[in-house]
Amino acid sequence: MARKTNPKLIDSHVHSDDSRLSDDFPAVMARARAAGVIGQVIPAVTREHWPRIKEYVAKHKDLYACYGLHPCFMAQHQAEDLQTLPLWLGKERPVAVGECGLDYSLADVNKSEQQTFFGAQLAMAREFRLPIVVHAHRAVEDVIRLIKASGHNRGMVHSFNGSLQQAHRLIDLGFMMSFGGAATYERATKLRAVFEALPLDSILLETDAPDQPDATHAKQRNEPAYLFDVWEALSELRIETANKVAKTTTTNAKRLFGI
Ligand SMILES: [Zn+2]
């Protein structure tokens, strides 16, 4: 099949500041731009990442910052980080709060501690009128419950892996669902069925690089240029044309993040 050409894509979730991408970062950026990736939204995982992401977005007009505290790194977070975060949000004006959320797949998971951090970040997103970038792993029900309780109504669930019914409840709460490499594997039948059935104006595309490579790059280091392959593979599942999928998901990302 001929390669589709010239999409304009936004990688709605990519850890471009990860050290696994820093050795050849200029080449990573050049390949992403050549592949049609016109923007990359970079979520933070710990407080240590905030100044680094700030530097990256200052240097590149097509990179956009999020600041937050990721549930998989609870051991590295301090209670005072929740005091510092709103200062960063007020001063740096990122495009979103995150990455935050709940992950119950971890060993020795402390659910109430994770919920405290997520709830606090939902409240900040609401206060600063920013969208929130949510990580929800084996915890979609609690994520929905906490979003509802917060009254916040703008955000995205990255690498969505819940049911169609859960996706619709999240859409009703003002959220978009983001899909990446995981949905490109044929064995991911449930996830692919969800992607196929959702309204296109609720869908975002992401790589989550350097993790979660798509099927054509299985077991390799993922990078933002591979968003092209995610788009190409996932477009096949939709009734709309690939160009329409590119256009609409890019418009969605611009609308959500105000970029
Ligand atoms: Zn992430």
# chains A, B, ... in the order shown; residues from 1 in each chain; ligands from 1

call {"tool": "residues_around", "arguments": {"residues": "Val45 of chain A", "least_positions_apart": "2", "cutoff": "9 Å", "atoms": "only C-alpha atoms", "output": "MDAnalysis selection string"}}
result
chainID A and resid 15 43 47:50 67:73 98:100

call {"tool": "residues_around", "arguments": {"residues": "segment 159-168 of chain A", "least_positions_apart": "5", "cutoff": "7 Å", "atoms": "only C-alpha atoms", "output": "VMD selection string"}}
result
chain A and resid 140 177 to 180 191 194

call {"tool": "closest_residue", "arguments": {"among": "A:Met74, A:Leu89, A:Ile144, A:Ala253", "to": "Ser202 of chain A", "atoms": "only C-alpha atoms"}}
result
A:Ala253

call {"tool": "closest_residue", "arguments": {"among": "A:Ala136, A:Leu170, A:Ala30, A:Met124", "to": "ligand 1", "atoms": "only C-alpha atoms and all ligand atoms"}}
result
A:Ala136

call {"tool": "closest_residue", "arguments": {"among": "A:Lys54, A:Lys254, A:Arg221, A:His158", "to": "ligand 1", "atoms": "only C-alpha atoms and all ligand atoms"}}
result
A:His158

call {"tool": "residues_around", "arguments": {"residues": "Gln115 of chain A", "least_positions_apart": "4", "cutoff": "12 Å", "atoms": "only C-alpha atoms", "output": "NGL selection string"}}
result
:A and (69-71 or 74 or 100-104 or 109-111 or 119-122 or 136 or 139 or 142-147 or 149-150)

call {"tool": "residues_around", "arguments": {"residues": "Asn153 of chain A", "least_positions_apart": "6", "cutoff": "10 Å", "atoms": "only C-alpha atoms", "output": "VMD selection string"}}
result
chain A and resid 122 125 to 126 129 to 132 147 170 to 175

call {"tool": "residues_around", "arguments": {"residues": "Tyr56 of chain A", "least_positions_apart": "3", "cutoff": "12 Å", "atoms": "only C-alpha atoms", "output": "list in words"}}
result
His15, Ser16, Asp17, Asp18, Ser22, Phe25, Pro26, Met29, Gln40, Val41, Ile42, Pro43, Ala44, His49, Trp50, Pro51, Arg52, Ile53, Lys59, His60, Lys61, Asp62, Leu63, Tyr64, Ala65 and Cys66 of chain A

call {"tool": "select_by_dssp", "arguments": {"residues": "segment 89-247 of chain A", "states": "alpha helix (DSSP H)", "output": "ChimeraX atom specification"}}
result
/A:89-92,111-127,140-150,164-172,189-197,227-235,242-247

call {"tool": "select_by_dssp", "arguments": {"residues": "segment 12-259 of chain A", "states": "strand (DSSP E)", "output": "VMD selection string"}}
result
chain A and resid 37 to 42 63 to 67 96 to 103 132 to 137 155 to 158 175 to 179 203 to 205

call {"tool": "closest_residue", "arguments": {"among": "A:Val37, A:Ala27, A:Leu204, A:Ala107", "to": "Lys8 of chain A", "atoms": "only C-alpha atoms"}}
result
A:Val37
